[in-house]
file final.txt (compact mmCIF, C-alpha atoms)
# COMPACT_ATOMS: atom_id res chain seq x y z
CA MET A 1 -3.69 41.79 -137.13
CA LYS A 2 -5.24 42.34 -140.50
CA ALA A 3 -5.33 39.39 -142.91
CA PHE A 4 -6.40 41.69 -145.67
CA LYS A 5 -8.21 44.96 -146.07
CA ASP A 6 -11.77 45.22 -144.66
CA SER A 7 -11.83 41.62 -143.38
CA GLY A 8 -13.82 42.58 -140.27
CA HIS A 9 -17.21 41.72 -141.80
CA LEU A 10 -16.06 38.14 -142.43
CA PHE A 11 -15.33 37.62 -138.76
CA ARG A 12 -18.70 39.11 -137.83
CA VAL A 13 -20.51 36.68 -140.17
CA ALA A 14 -18.43 33.80 -138.76
CA ALA A 15 -19.39 34.82 -135.23
CA VAL A 16 -23.10 34.93 -136.12
CA PHE A 17 -22.80 31.52 -137.79
CA LEU A 18 -21.00 30.09 -134.76
CA VAL A 19 -23.66 31.39 -132.36
CA GLY A 20 -26.38 29.95 -134.57
CA PHE A 21 -24.61 26.60 -134.79
CA ILE A 22 -24.16 26.40 -131.02
CA ALA A 23 -27.82 27.32 -130.49
CA PHE A 24 -28.82 24.57 -132.95
CA MET A 25 -26.66 21.97 -131.19
CA VAL A 26 -28.03 22.95 -127.76
CA LEU A 27 -31.65 22.86 -128.96
CA ARG A 28 -31.07 19.56 -130.75
CA SER A 29 -29.63 17.92 -127.65
CA LEU A 30 -32.62 19.14 -125.66
CA LEU A 31 -35.29 18.09 -128.16
CA VAL A 32 -34.01 14.71 -129.39
CA PRO A 33 -34.69 11.97 -126.82
CA ARG A 34 -31.59 10.35 -125.36
CA SER A 35 -32.48 6.90 -126.62
CA PHE A 36 -33.10 8.04 -130.21
CA GLY A 37 -30.68 6.23 -132.49
CA ARG A 38 -29.51 3.60 -130.00
CA TYR A 39 -30.69 0.75 -132.27
CA GLY A 40 -31.75 2.69 -135.36
CA HIS A 41 -33.62 5.76 -136.51
CA TYR A 42 -36.19 5.59 -133.70
CA ARG A 43 -36.59 6.07 -129.95
CA ALA A 44 -35.28 2.92 -128.27
CA ASP A 45 -37.29 3.66 -125.10
CA ALA A 46 -40.48 3.04 -127.10
CA ILE A 47 -39.65 -0.69 -127.08
CA ALA A 48 -39.62 -0.81 -123.27
CA GLU A 49 -42.79 1.29 -123.11
CA ILE A 50 -44.66 -1.14 -125.38
CA ALA A 51 -43.26 -4.12 -123.46
CA ALA A 52 -44.56 -2.64 -120.20
CA LEU A 53 -48.23 -2.57 -121.29
CA PRO A 54 -50.58 -4.60 -119.06
CA VAL A 55 -51.67 -8.11 -120.00
CA SER A 56 -55.36 -9.16 -120.21
CA TYR A 57 -54.98 -12.87 -121.00
CA ALA A 58 -53.09 -14.52 -118.15
CA GLY A 59 -51.96 -17.53 -120.21
CA HIS A 60 -52.80 -21.19 -119.56
CA GLN A 61 -49.80 -21.70 -117.25
CA ALA A 62 -51.36 -19.23 -114.81
CA CYS A 63 -54.66 -21.18 -114.85
CA GLU A 64 -52.91 -24.49 -114.33
CA THR A 65 -51.21 -23.43 -111.09
CA CYS A 66 -54.59 -23.35 -109.27
CA HIS A 67 -57.01 -25.35 -111.46
CA SER A 68 -54.87 -28.43 -112.08
CA ASP A 69 -57.87 -30.70 -111.32
CA ILE A 70 -59.84 -29.27 -114.25
CA VAL A 71 -56.77 -29.29 -116.49
CA ASP A 72 -56.37 -33.02 -115.76
CA VAL A 73 -59.99 -33.62 -116.81
CA LYS A 74 -59.55 -31.50 -119.93
CA ASN A 75 -56.37 -33.34 -120.92
CA LYS A 76 -58.36 -36.59 -121.17
CA GLY A 77 -60.66 -35.26 -123.90
CA VAL A 78 -60.43 -33.78 -127.36
CA HIS A 79 -60.37 -30.26 -125.93
CA LYS A 80 -56.89 -30.99 -124.64
CA GLY A 81 -55.28 -28.41 -126.90
CA VAL A 82 -57.83 -25.67 -126.22
CA ALA A 83 -56.47 -23.10 -123.77
CA CYS A 84 -58.71 -22.16 -120.81
CA GLU A 85 -59.06 -18.53 -121.86
CA SER A 86 -60.13 -19.55 -125.35
CA CYS A 87 -63.60 -20.11 -123.87
CA HIS A 88 -63.42 -18.37 -120.49
CA GLY A 89 -62.08 -15.09 -121.88
CA PRO A 90 -59.32 -12.85 -120.53
CA GLN A 91 -58.66 -13.71 -116.88
CA ALA A 92 -55.51 -11.84 -115.91
CA LYS A 93 -57.50 -9.83 -113.34
CA HIS A 94 -58.88 -13.05 -111.87
CA ALA A 95 -55.39 -14.55 -111.76
CA ASP A 96 -54.07 -11.48 -109.92
CA ASP A 97 -56.94 -11.38 -107.43
CA PRO A 98 -58.85 -14.70 -107.44
CA GLY A 99 -60.92 -13.72 -104.39
CA SER A 100 -62.74 -10.68 -105.66
CA VAL A 101 -62.72 -11.11 -109.45
CA VAL A 102 -64.86 -14.11 -110.32
CA PRO A 103 -65.17 -15.18 -113.99
CA ALA A 104 -68.66 -15.07 -115.47
CA LYS A 105 -70.61 -18.28 -116.08
CA LEU A 106 -70.56 -19.25 -119.74
CA ASP A 107 -73.45 -19.91 -122.10
CA THR A 108 -72.77 -23.13 -123.97
CA ALA A 109 -75.42 -22.26 -126.57
CA VAL A 110 -73.22 -19.38 -127.76
CA LEU A 111 -69.82 -20.80 -127.02
CA CYS A 112 -69.96 -24.28 -128.56
CA VAL A 113 -71.65 -23.02 -131.73
CA ARG A 114 -68.84 -20.54 -132.42
CA CYS A 115 -66.54 -23.41 -133.28
CA HIS A 116 -68.84 -26.33 -134.05
CA GLN A 117 -71.56 -24.80 -136.25
CA ALA A 118 -71.29 -26.52 -139.65
CA ASN A 119 -69.65 -24.38 -142.31
CA LEU A 120 -68.46 -25.36 -145.74
CA ALA A 121 -65.13 -23.60 -145.30
CA LYS A 122 -64.17 -25.49 -142.14
CA PRO A 123 -61.71 -28.39 -142.45
CA LYS A 124 -63.61 -31.60 -143.21
CA ASN A 125 -62.11 -33.48 -140.28
CA PHE A 126 -63.28 -30.90 -137.75
CA PRO A 127 -66.44 -32.00 -135.83
CA GLN A 128 -69.34 -29.82 -137.01
CA VAL A 129 -73.10 -29.92 -136.51
CA GLU A 130 -76.14 -27.99 -137.67
CA ALA A 131 -76.69 -26.62 -134.18
CA ALA A 132 -80.44 -26.05 -134.52
CA GLU A 133 -81.14 -29.56 -135.80
CA HIS A 134 -78.54 -31.33 -133.69
CA SER A 135 -79.80 -30.46 -130.21
CA GLY A 136 -83.44 -29.56 -130.89
CA GLY A 137 -83.03 -26.47 -128.74
CA ALA A 138 -81.48 -28.26 -125.75
CA ALA A 139 -78.34 -26.73 -124.21
CA CYS A 140 -75.13 -28.38 -125.40
CA ASN A 141 -74.06 -29.30 -121.88
CA THR A 142 -77.18 -31.45 -121.43
CA CYS A 143 -75.20 -34.21 -123.19
CA HIS A 144 -71.64 -32.91 -123.62
CA GLN A 145 -69.47 -31.66 -120.77
CA PRO A 146 -67.32 -28.91 -122.28
CA HIS A 147 -64.07 -30.03 -120.62
CA THR A 148 -64.43 -33.63 -121.87
CA PRO A 149 -67.02 -33.37 -124.63
CA ALA A 150 -67.35 -37.04 -125.61
CA ILE A 151 -70.81 -38.31 -124.54
CA GLY A 152 -70.54 -40.48 -121.47
CA ALA A 153 -67.12 -39.12 -120.58
CA GLY A 154 -69.04 -38.42 -117.45
CA VAL A 155 -67.20 -36.00 -115.24
CA ASN A 156 -69.49 -33.13 -114.43
CA GLN A 157 -67.07 -30.26 -114.91
CA MET B 158 -36.05 31.39 -101.36
CA ASN B 159 -32.59 32.28 -100.32
CA ILE B 160 -30.11 29.87 -101.86
CA THR B 161 -27.06 29.59 -99.72
CA ARG B 162 -23.92 27.74 -100.70
CA ARG B 163 -24.82 24.98 -98.21
CA ARG B 164 -28.29 24.51 -99.71
CA MET B 165 -26.87 24.51 -103.23
CA LEU B 166 -24.42 21.76 -102.32
CA VAL B 167 -27.34 19.60 -101.09
CA LEU B 168 -29.65 20.38 -104.02
CA LEU B 169 -27.20 19.76 -106.86
CA PRO B 170 -26.60 16.03 -106.26
CA ALA B 171 -30.33 15.49 -105.61
CA ALA B 172 -31.17 17.18 -108.91
CA ALA B 173 -28.52 15.08 -110.66
CA VAL B 174 -30.09 11.86 -109.32
CA ALA B 175 -33.59 13.02 -110.30
CA TRP B 176 -32.41 13.95 -113.81
CA LYS B 177 -30.93 10.50 -114.25
CA PHE B 178 -34.39 8.98 -113.64
CA VAL B 179 -35.95 11.42 -116.09
CA LEU B 180 -33.49 10.32 -118.74
CA ALA B 181 -33.92 6.64 -117.99
CA GLY B 182 -37.56 6.65 -119.19
CA THR B 183 -39.80 3.69 -118.47
CA PRO B 184 -38.03 1.00 -116.50
CA GLU B 185 -37.55 -2.34 -118.24
CA ASP B 186 -40.43 -4.55 -117.18
CA SER B 187 -38.96 -7.90 -118.18
CA PRO B 188 -35.41 -8.13 -116.84
CA ASN B 189 -34.81 -11.68 -118.08
CA TYR B 190 -35.79 -10.97 -121.67
CA GLN B 191 -32.90 -10.64 -124.12
CA MET B 192 -33.74 -9.00 -127.43
CA THR B 193 -30.65 -10.48 -129.07
CA GLU B 194 -31.88 -14.03 -128.45
CA HIS B 195 -35.15 -13.61 -130.34
CA TRP B 196 -36.28 -13.19 -133.92
CA TRP B 197 -40.04 -13.46 -133.80
CA ALA B 198 -42.21 -15.06 -136.46
CA MET B 199 -45.59 -16.73 -136.77
CA LEU B 200 -46.68 -19.99 -138.30
CA ILE B 201 -50.25 -20.18 -139.62
CA ASP B 202 -51.70 -23.55 -140.57
CA ILE B 203 -54.63 -22.77 -142.87
CA THR B 204 -55.72 -26.40 -142.88
CA LYS B 205 -56.54 -26.09 -139.18
CA CYS B 206 -58.37 -22.75 -139.19
CA ILE B 207 -62.10 -23.11 -138.43
CA GLY B 208 -62.97 -19.41 -138.72
CA CYS B 209 -64.27 -19.17 -135.15
CA GLY B 210 -62.91 -15.63 -134.73
CA SER B 211 -61.38 -16.36 -131.30
CA CYS B 212 -58.15 -14.68 -132.38
CA VAL B 213 -59.94 -11.52 -133.52
CA ARG B 214 -61.90 -11.21 -130.28
CA ALA B 215 -58.86 -11.95 -128.13
CA CYS B 216 -56.76 -9.39 -130.01
CA GLN B 217 -59.38 -6.68 -129.56
CA LEU B 218 -59.69 -7.39 -125.83
CA GLU B 219 -55.96 -7.69 -125.21
CA ASN B 220 -54.94 -4.63 -127.19
CA HIS B 221 -58.05 -2.43 -126.80
CA VAL B 222 -58.58 -2.24 -130.55
CA PRO B 223 -61.57 0.02 -131.35
CA ASP B 224 -64.66 -1.56 -132.89
CA GLY B 225 -64.49 -1.80 -136.65
CA TYR B 226 -60.67 -1.82 -136.69
CA PHE B 227 -58.52 -4.92 -136.70
CA ARG B 228 -54.96 -5.87 -135.88
CA THR B 229 -55.81 -9.37 -136.98
CA TRP B 230 -58.79 -10.63 -138.95
CA VAL B 231 -59.97 -13.77 -140.71
CA GLU B 232 -61.01 -13.96 -144.37
CA ARG B 233 -63.14 -16.63 -146.00
CA TYR B 234 -62.30 -17.58 -149.57
CA HIS B 235 -64.57 -19.24 -152.09
CA ILE B 236 -63.20 -20.35 -155.46
CA GLU B 237 -65.65 -21.98 -157.85
CA ASP B 238 -63.25 -23.99 -159.97
CA TRP B 239 -60.32 -22.67 -162.01
CA GLN B 240 -60.98 -18.91 -161.61
CA MET B 241 -58.10 -18.42 -159.20
CA GLU B 242 -57.80 -14.75 -160.12
CA TYR B 243 -61.32 -14.05 -158.90
CA PRO B 244 -61.88 -15.56 -155.48
CA LYS B 245 -64.95 -14.47 -153.54
CA VAL B 246 -63.68 -13.17 -150.22
CA ASP B 247 -65.74 -12.12 -147.23
CA SER B 248 -64.83 -11.14 -143.71
CA PRO B 249 -67.93 -9.93 -141.83
CA ASP B 250 -66.70 -7.72 -138.97
CA GLY B 251 -63.25 -9.23 -139.42
CA GLY B 252 -64.65 -12.68 -138.70
CA LYS B 253 -65.01 -11.62 -135.07
CA ASN B 254 -68.34 -13.39 -134.63
CA GLY B 255 -67.66 -16.29 -136.95
CA PHE B 256 -69.00 -16.65 -140.47
CA PRO B 257 -72.58 -17.09 -141.67
CA VAL B 258 -73.31 -20.26 -143.63
CA ALA B 259 -72.24 -19.57 -147.20
CA LYS B 260 -74.79 -19.13 -149.99
CA GLU B 261 -72.49 -20.87 -152.43
CA THR B 262 -72.22 -24.61 -152.34
CA GLY B 263 -69.37 -26.64 -153.72
CA GLY B 264 -66.14 -25.13 -154.94
CA LYS B 265 -63.16 -24.63 -152.72
CA ASN B 266 -63.68 -22.89 -149.38
CA PHE B 267 -61.22 -22.04 -146.63
CA PHE B 268 -60.31 -19.45 -144.02
CA VAL B 269 -57.17 -17.32 -143.96
CA PRO B 270 -56.20 -15.54 -140.73
CA LYS B 271 -54.28 -12.35 -141.40
CA LEU B 272 -52.14 -10.05 -139.30
CA CYS B 273 -49.03 -7.94 -139.62
CA ASN B 274 -46.36 -10.03 -141.33
CA HIS B 275 -43.59 -8.42 -139.27
CA CYS B 276 -41.49 -8.07 -142.39
CA ALA B 277 -37.75 -7.98 -141.96
CA ASP B 278 -37.53 -5.46 -144.84
CA SER B 279 -40.81 -3.76 -144.11
CA PRO B 280 -42.12 -1.14 -146.56
CA CYS B 281 -44.08 0.61 -143.79
CA THR B 282 -41.08 1.49 -141.61
CA GLN B 283 -39.11 2.82 -144.57
CA VAL B 284 -41.62 5.56 -145.35
CA CYS B 285 -42.07 6.97 -141.84
CA PRO B 286 -40.86 10.59 -141.94
CA VAL B 287 -40.25 10.89 -138.19
CA GLY B 288 -38.83 7.53 -137.12
CA ALA B 289 -42.00 6.56 -135.26
CA THR B 290 -42.19 3.04 -136.65
CA PHE B 291 -39.38 0.55 -136.80
CA VAL B 292 -38.35 -3.09 -136.80
CA SER B 293 -37.19 -3.84 -133.28
CA PRO B 294 -33.91 -5.74 -132.75
CA ASP B 295 -35.99 -8.89 -132.11
CA GLY B 296 -37.88 -8.61 -135.39
CA VAL B 297 -41.21 -7.03 -134.42
CA VAL B 298 -42.59 -4.04 -136.33
CA LEU B 299 -43.71 -1.51 -133.72
CA VAL B 300 -45.14 2.00 -133.61
CA ASP B 301 -43.90 4.62 -131.14
CA GLN B 302 -47.23 6.16 -130.13
CA LYS B 303 -45.53 9.25 -128.71
CA TYR B 304 -43.66 9.99 -131.93
CA CYS B 305 -46.29 9.18 -134.55
CA LEU B 306 -47.76 12.21 -136.30
CA GLY B 307 -50.66 10.30 -137.84
CA CYS B 308 -49.62 11.20 -141.40
CA ARG B 309 -50.94 7.85 -142.76
CA TYR B 310 -47.89 7.27 -144.95
CA CYS B 311 -47.30 3.83 -143.45
CA VAL B 312 -50.98 2.88 -143.76
CA GLN B 313 -50.64 3.28 -147.52
CA ALA B 314 -47.23 1.65 -147.69
CA CYS B 315 -48.23 -1.65 -146.09
CA PRO B 316 -49.01 -4.01 -148.99
CA TYR B 317 -51.02 -6.27 -146.68
CA GLY B 318 -53.39 -3.63 -145.31
CA CYS B 319 -52.36 -4.33 -141.74
CA ARG B 320 -52.25 -0.76 -140.43
CA PHE B 321 -54.94 1.72 -139.49
CA ILE B 322 -55.24 5.09 -137.80
CA ASN B 323 -56.66 4.71 -134.32
CA PRO B 324 -59.62 7.12 -134.21
CA GLN B 325 -59.03 7.82 -130.51
CA THR B 326 -55.33 8.67 -130.63
CA GLN B 327 -55.07 9.63 -134.33
CA THR B 328 -51.84 7.66 -134.55
CA ALA B 329 -50.89 4.65 -136.63
CA ASN B 330 -51.80 1.36 -135.00
CA LYS B 331 -51.06 -2.24 -135.86
CA CYS B 332 -50.30 -5.70 -134.52
CA THR B 333 -47.43 -5.58 -132.04
CA LEU B 334 -47.21 -9.39 -132.02
CA CYS B 335 -48.36 -8.83 -128.41
CA TYR B 336 -44.91 -7.48 -127.63
CA HIS B 337 -45.99 -6.84 -124.03
CA ARG B 338 -46.77 -10.57 -123.72
CA ILE B 339 -43.97 -12.26 -125.64
CA THR B 340 -41.35 -10.32 -123.68
CA LYS B 341 -42.89 -11.71 -120.47
CA GLY B 342 -42.69 -15.34 -121.61
CA LEU B 343 -46.33 -15.58 -122.73
CA THR B 344 -47.56 -16.27 -126.23
CA THR B 345 -49.67 -13.77 -128.20
CA ALA B 346 -53.36 -13.39 -127.34
CA CYS B 347 -54.38 -14.84 -130.74
CA CYS B 348 -52.13 -17.89 -130.37
CA GLU B 349 -53.23 -18.37 -126.77
CA THR B 350 -56.91 -18.51 -127.69
CA CYS B 351 -56.70 -20.33 -131.04
CA PRO B 352 -58.57 -23.56 -130.23
CA THR B 353 -57.08 -25.64 -133.03
CA GLY B 354 -53.47 -24.49 -132.87
CA SER B 355 -53.73 -22.95 -136.30
CA ARG B 356 -51.56 -20.05 -135.19
CA GLN B 357 -48.21 -20.55 -133.53
CA LEU B 358 -45.75 -17.99 -132.32
CA ALA B 359 -42.16 -18.90 -133.16
CA ASN B 360 -38.70 -17.70 -132.25
CA LEU B 361 -36.50 -18.29 -135.28
CA LYS B 362 -33.32 -17.76 -133.25
CA ASP B 363 -34.18 -20.66 -130.95
CA PRO B 364 -32.84 -23.85 -132.57
CA LYS B 365 -35.19 -25.92 -130.38
CA ASP B 366 -38.32 -24.12 -131.62
CA PRO B 367 -40.62 -26.63 -133.38
CA ILE B 368 -41.03 -24.20 -136.30
CA HIS B 369 -37.66 -25.29 -137.74
CA GLU B 370 -38.80 -28.89 -138.10
CA PHE B 371 -42.10 -27.70 -139.58
CA LEU B 372 -40.43 -25.40 -142.12
CA ARG B 373 -38.04 -28.17 -143.20
CA THR B 374 -40.78 -30.75 -143.74
CA HIS B 375 -43.72 -28.75 -145.15
CA SER B 376 -44.49 -26.60 -148.18
CA VAL B 377 -44.70 -23.14 -146.70
CA GLN B 378 -45.46 -19.82 -148.34
CA VAL B 379 -45.61 -16.16 -147.32
CA LEU B 380 -48.10 -13.60 -148.61
CA LYS B 381 -47.02 -11.61 -151.70
CA PRO B 382 -43.53 -13.13 -151.90
CA HIS B 383 -42.78 -11.15 -155.08
CA LEU B 384 -42.64 -7.96 -152.99
CA ALA B 385 -39.61 -9.31 -151.10
CA THR B 386 -40.75 -7.77 -147.83
CA GLY B 387 -39.07 -10.48 -145.77
CA SER B 388 -42.43 -11.51 -144.32
CA LYS B 389 -42.19 -13.65 -141.19
CA CYS B 390 -45.76 -14.99 -141.21
CA PHE B 391 -45.37 -18.42 -142.70
CA TYR B 392 -48.54 -19.99 -144.11
CA TYR B 393 -48.98 -23.71 -144.53
CA GLY B 394 -51.68 -24.76 -147.00
CA LEU B 395 -51.84 -21.32 -148.61
CA ASP B 396 -53.82 -21.31 -151.85
CA GLY B 397 -52.55 -19.34 -154.84
CA SER B 398 -55.73 -17.27 -154.92
CA VAL B 399 -54.96 -15.63 -151.58
CA ARG B 400 -53.77 -12.05 -151.96

call {"tool": "encode", "arguments": {"input": "final.txt", "output": "C-alpha cells"}}
result
Amino acid sequence: MKAFKDSGHLFRVAAVFLVGFIAFMVLRSLLVPRSFGRYGHYRADAIAEIAALPVSYAGHQACETCHSDIVDVKNKGVHKGVACESCHGPQAKHADDPGSVVPAKLDTAVLCVRCHQANLAKPKNFPQVEAAEHSGGAACNTCHQPHTPAIGAGVNQ
Amino acid sequence: MNITRRRMLVLLPAAAVAWKFVLAGTPEDSPNYQMTEHWWAMLIDITKCIGCGSCVRACQLENHVPDGYFRTWVERYHIEDWQMEYPKVDSPDGGKNGFPVAKETGGKNFFVPKLCNHCADSPCTQVCPVGATFVSPDGVVLVDQKYCLGCRYCVQACPYGCRFINPQTQTANKCTLCYHRITKGLTTACCETCPTGSRQLANLKDPKDPIHEFLRTHSVQVLKPHLATGSKCFYYGLDGSVR
C-alpha cells in the first residue's frame, strides 16, 4: 500500500520516534520512585523515612511510668510544669535500657542559673536573682531542692 | 548456573515478593498515626519566654544539628522608646547558652523564639526545582534528604531565614517540627523542654486542642503577615518591631 509517492521515509521517522518514546517511558518508570506524586510533586516515602528517625528525648510520660515518686514531689512545687528532660537532658536511651544507661549527675550552679539569672528581657513576674550575689558562691541546692525549690519545702530530692 | 524450568518456577515468585519489599520503601513506623487527622501548628507565648535557650539545645541534640546552625533560635530585642523600625537584636550562638546581661538599661526588652513557620503556602517549597521539599498532608514543611540537590534556592526563598545547608550532607536542612516525634504521640523537643510553656505544639484539626480557645480569646499575630505565607506559628505578645 502506498499512501502517496515516496512516503517510506515518513514511516521510518515515525518508527524512530516510537522507539525513542518507548525508551523514554521505560527509563522514566525505572528512574522515578513509585511513591513520587502520591500526595504532590514529591516522594511520598520521604514522609515515612523522616517519621522513622530515632528519638532522643523520651518525653515526660516515659519518665513518669518509673519515677512517679519524684513526679509527685515535683507537682507540689513551682517546677510543676517543667518537664524532667528540660533539666536532665535527653534520656531516651535511659528509658530504653534503665539498667546500663545511667543519667549524669547535674550541676545546679550551671543549671539553675540558665533560667534564673537576672536579665532585663525576662518577664518581670519570673523569679530572677543575681546569681553571684544571691548565693555568695554556695551551690543552689544548699537551700533550694530543685524538684520543690521553695525554701523549707524540705524533701531531699 | 544452569536454570531449569523447575528452578525458574521457584525463583520467579520469590523475586516478585522481594521486589514488592523493594518498592515498599521504609515501613511505616507509627501505624496509629493518621495524617488526615492532623494539621500541625505552634503557639508561642512571648510573654513567657525567659531566653534560657533550652529549646535551642534540645533541638540540636534531638536533630543532630551541626554547631553554628539552627533549626530554632532565640532573639533578644531591645527598643529604646519609639524607634520601632530600629530594634537592637542579638542572638549569641542562637541563644543556646542564654543571654549575657544587656549593656542597655531601660527601654523595652523581650525574647522571641523563632523556628520554621510551617507555612501552608510556603515560598520555599514552591521554588524547589526537583520536588525535594514539600508541605506534607498534615501541614509540616519537610525536606527529602535523598532528593535534595543542595542548590540553595529554598534557603534564599524562605523570608524567615529558617533554612540552611547542612555542611555534612550538603543538602537543605530545617525544622521538621520533630516529625519523627509528633507522629509517635510525643511533642517536639523544644516544646518538651521549654520550662515555662512558652512554646506549645498544636493540632488545628483537633477541636479539643486548647489552641482554639487561646486563638479565640487572645490577640495573636504571625511573622510577616503581609507576605501571606499562611504561617502556622502563632505568636502571642508579638511586638511590631519584630521582623

call {"tool": "atom_distance", "arguments": {"input": "final.txt", "atom1": "atom CA of B:Tyr392", "atom2": "atom CA of B:Val292"}}
result
21.0 Å

call {"tool": "closest_atom_pairs", "arguments": {"input": "final.txt", "of": "chain B", "to": "chain A", "cutoff": "7 Å", "atoms": "only C-alpha atoms", "output": "CSV"}}
result
residue,atom,partner,partner_atom,distance
B:Leu180,CA,A:Arg34,CA,6.9
B:Gly182,CA,A:Asp45,CA,6.6
B:Thr183,CA,A:Glu49,CA,6.0
B:Glu185,CA,A:Ala48,CA,5.7
B:Asp186,CA,A:Ala52,CA,5.5
B:Thr204,CA,A:Pro123,CA,6.3
B:Lys205,CA,A:Pro123,CA,6.5
B:Ile207,CA,A:Lys122,CA,4.9
B:Cys209,CA,A:Cys115,CA,5.2
B:Ser211,CA,A:Ser86,CA,6.9
B:Glu219,CA,A:Ser56,CA,5.2
B:Gly255,CA,A:Arg114,CA,6.3
B:Val258,CA,A:Asn119,CA,5.7
B:Asn266,CA,A:Ala121,CA,4.4
B:Phe267,CA,A:Ala121,CA,4.4
B:Phe268,CA,A:Ala121,CA,6.5
B:Gly288,CA,A:Tyr42,CA,4.7
B:Ala289,CA,A:Tyr42,CA,6.1
B:Phe291,CA,A:Tyr42,CA,6.7
B:Asp301,CA,A:Ala46,CA,5.5
B:Tyr336,CA,A:Ala51,CA,5.6
B:His337,CA,A:Ala51,CA,3.9
B:Arg338,CA,A:Val55,CA,6.6
B:Thr340,CA,A:Ala51,CA,6.5
B:Leu343,CA,A:Gly59,CA,6.5
B:Ala346,CA,A:Tyr57,CA,6.6
B:Glu349,CA,A:Ala83,CA,6.5
B:Thr350,CA,A:Ser86,CA,4.1
B:Cys351,CA,A:Ser86,CA,6.7
B:Pro352,CA,A:Val82,CA,4.6
B:Thr353,CA,A:Val82,CA,6.9

call {"tool": "atom_distance", "arguments": {"input": "final.txt", "atom1": "atom CA of A:Glu130", "atom2": "atom CA of A:Ala150"}}
result
17.5 Å

call {"tool": "closest_residue", "arguments": {"input": "final.txt", "among": "B:Lys389, B:Lys341, B:Lys365, B:His375", "to": "B:His275", "atoms": "only C-alpha atoms"}}
result
B:Lys389

call {"tool": "atom_distance", "arguments": {"input": "final.txt", "atom1": "atom CA of B:Ala277", "atom2": "atom CA of B:Ser388"}}
result
6.3 Å

call {"tool": "closest_residue", "arguments": {"input": "final.txt", "among": "B:Gly394, B:Gly387, B:Gly208, B:Pro223", "to": "B:Lys331", "atoms": "all atoms listed in the file"}}
result
B:Pro223

call {"tool": "residues_around", "arguments": {"input": "final.txt", "residues": "stretch 191-203 of chain B", "least_positions_apart": "3", "cutoff": "10 Å", "atoms": "all atoms listed in the file", "output": "number ranges by chain"}}
result
A: 122-123; B: 187-188, 206-208, 267-277, 293-297, 334, 336, 339-340, 345, 348, 353-363, 368, 371-372, 377-379, 388-396

call {"tool": "decode", "arguments": {"input": "final.txt", "residues": "stretch 185-199 of chain B", "atoms": "N, CA and C atoms", "output": "mmCIF file, in the first residue's frame"}}
result
data_model
loop_
_atom_site.group_PDB
_atom_site.id
_atom_site.type_symbol
_atom_site.label_atom_id
_atom_site.label_comp_id
_atom_site.auth_asym_id
_atom_site.auth_seq_id
_atom_site.Cartn_x
_atom_site.Cartn_y
_atom_site.Cartn_z
ATOM 1 N N GLU B 185 6.203 1.942 57.550
ATOM 2 C CA GLU B 185 5.577 2.965 58.399
ATOM 3 C C GLU B 185 5.847 2.618 59.859
ATOM 4 N N ASP B 186 6.427 3.598 60.585
ATOM 5 C CA ASP B 186 6.857 3.327 61.948
ATOM 6 C C ASP B 186 5.741 3.581 62.968
ATOM 7 N N SER B 187 4.745 4.353 62.585
ATOM 8 C CA SER B 187 3.707 4.727 63.529
ATOM 9 C C SER B 187 2.346 4.345 62.947
ATOM 10 N N PRO B 188 1.948 3.100 63.143
ATOM 11 C CA PRO B 188 0.748 2.593 62.470
ATOM 12 C C PRO B 188 -0.538 3.298 62.874
ATOM 13 N N ASN B 189 -0.564 3.887 64.091
ATOM 14 C CA ASN B 189 -1.813 4.506 64.547
ATOM 15 C C ASN B 189 -1.946 5.962 64.126
ATOM 16 N N TYR B 190 -0.913 6.501 63.508
ATOM 17 C CA TYR B 190 -0.923 7.914 63.163
ATOM 18 C C TYR B 190 -1.642 8.117 61.831
ATOM 19 N N GLN B 191 -2.615 9.022 61.825
ATOM 20 C CA GLN B 191 -3.353 9.335 60.607
ATOM 21 C C GLN B 191 -3.017 10.758 60.169
ATOM 22 N N MET B 192 -2.404 10.867 58.996
ATOM 23 C CA MET B 192 -2.039 12.206 58.512
ATOM 24 C C MET B 192 -3.265 13.093 58.327
ATOM 25 N N THR B 193 -4.370 12.486 57.909
ATOM 26 C CA THR B 193 -5.561 13.280 57.586
ATOM 27 C C THR B 193 -6.202 13.903 58.823
ATOM 28 N N GLU B 194 -5.821 13.418 60.017
ATOM 29 C CA GLU B 194 -6.433 13.953 61.239
ATOM 30 C C GLU B 194 -5.615 15.060 61.880
ATOM 31 N N HIS B 195 -4.540 15.484 61.205
ATOM 32 C CA HIS B 195 -3.652 16.477 61.807
ATOM 33 C C HIS B 195 -3.383 17.638 60.858
ATOM 34 N N TRP B 196 -3.260 18.806 61.439
ATOM 35 C CA TRP B 196 -2.794 19.992 60.730
ATOM 36 C C TRP B 196 -1.992 20.773 61.763
ATOM 37 N N TRP B 197 -0.664 20.549 61.709
ATOM 38 C CA TRP B 197 0.196 20.958 62.818
ATOM 39 C C TRP B 197 0.479 22.452 62.815
ATOM 40 N N ALA B 198 0.598 23.008 64.006
ATOM 41 C CA ALA B 198 0.897 24.420 64.181
ATOM 42 C C ALA B 198 1.652 24.580 65.497
ATOM 43 N N MET B 199 2.145 25.787 65.744
ATOM 44 C CA MET B 199 2.766 26.042 67.041
ATOM 45 C C MET B 199 2.302 27.383 67.584
#
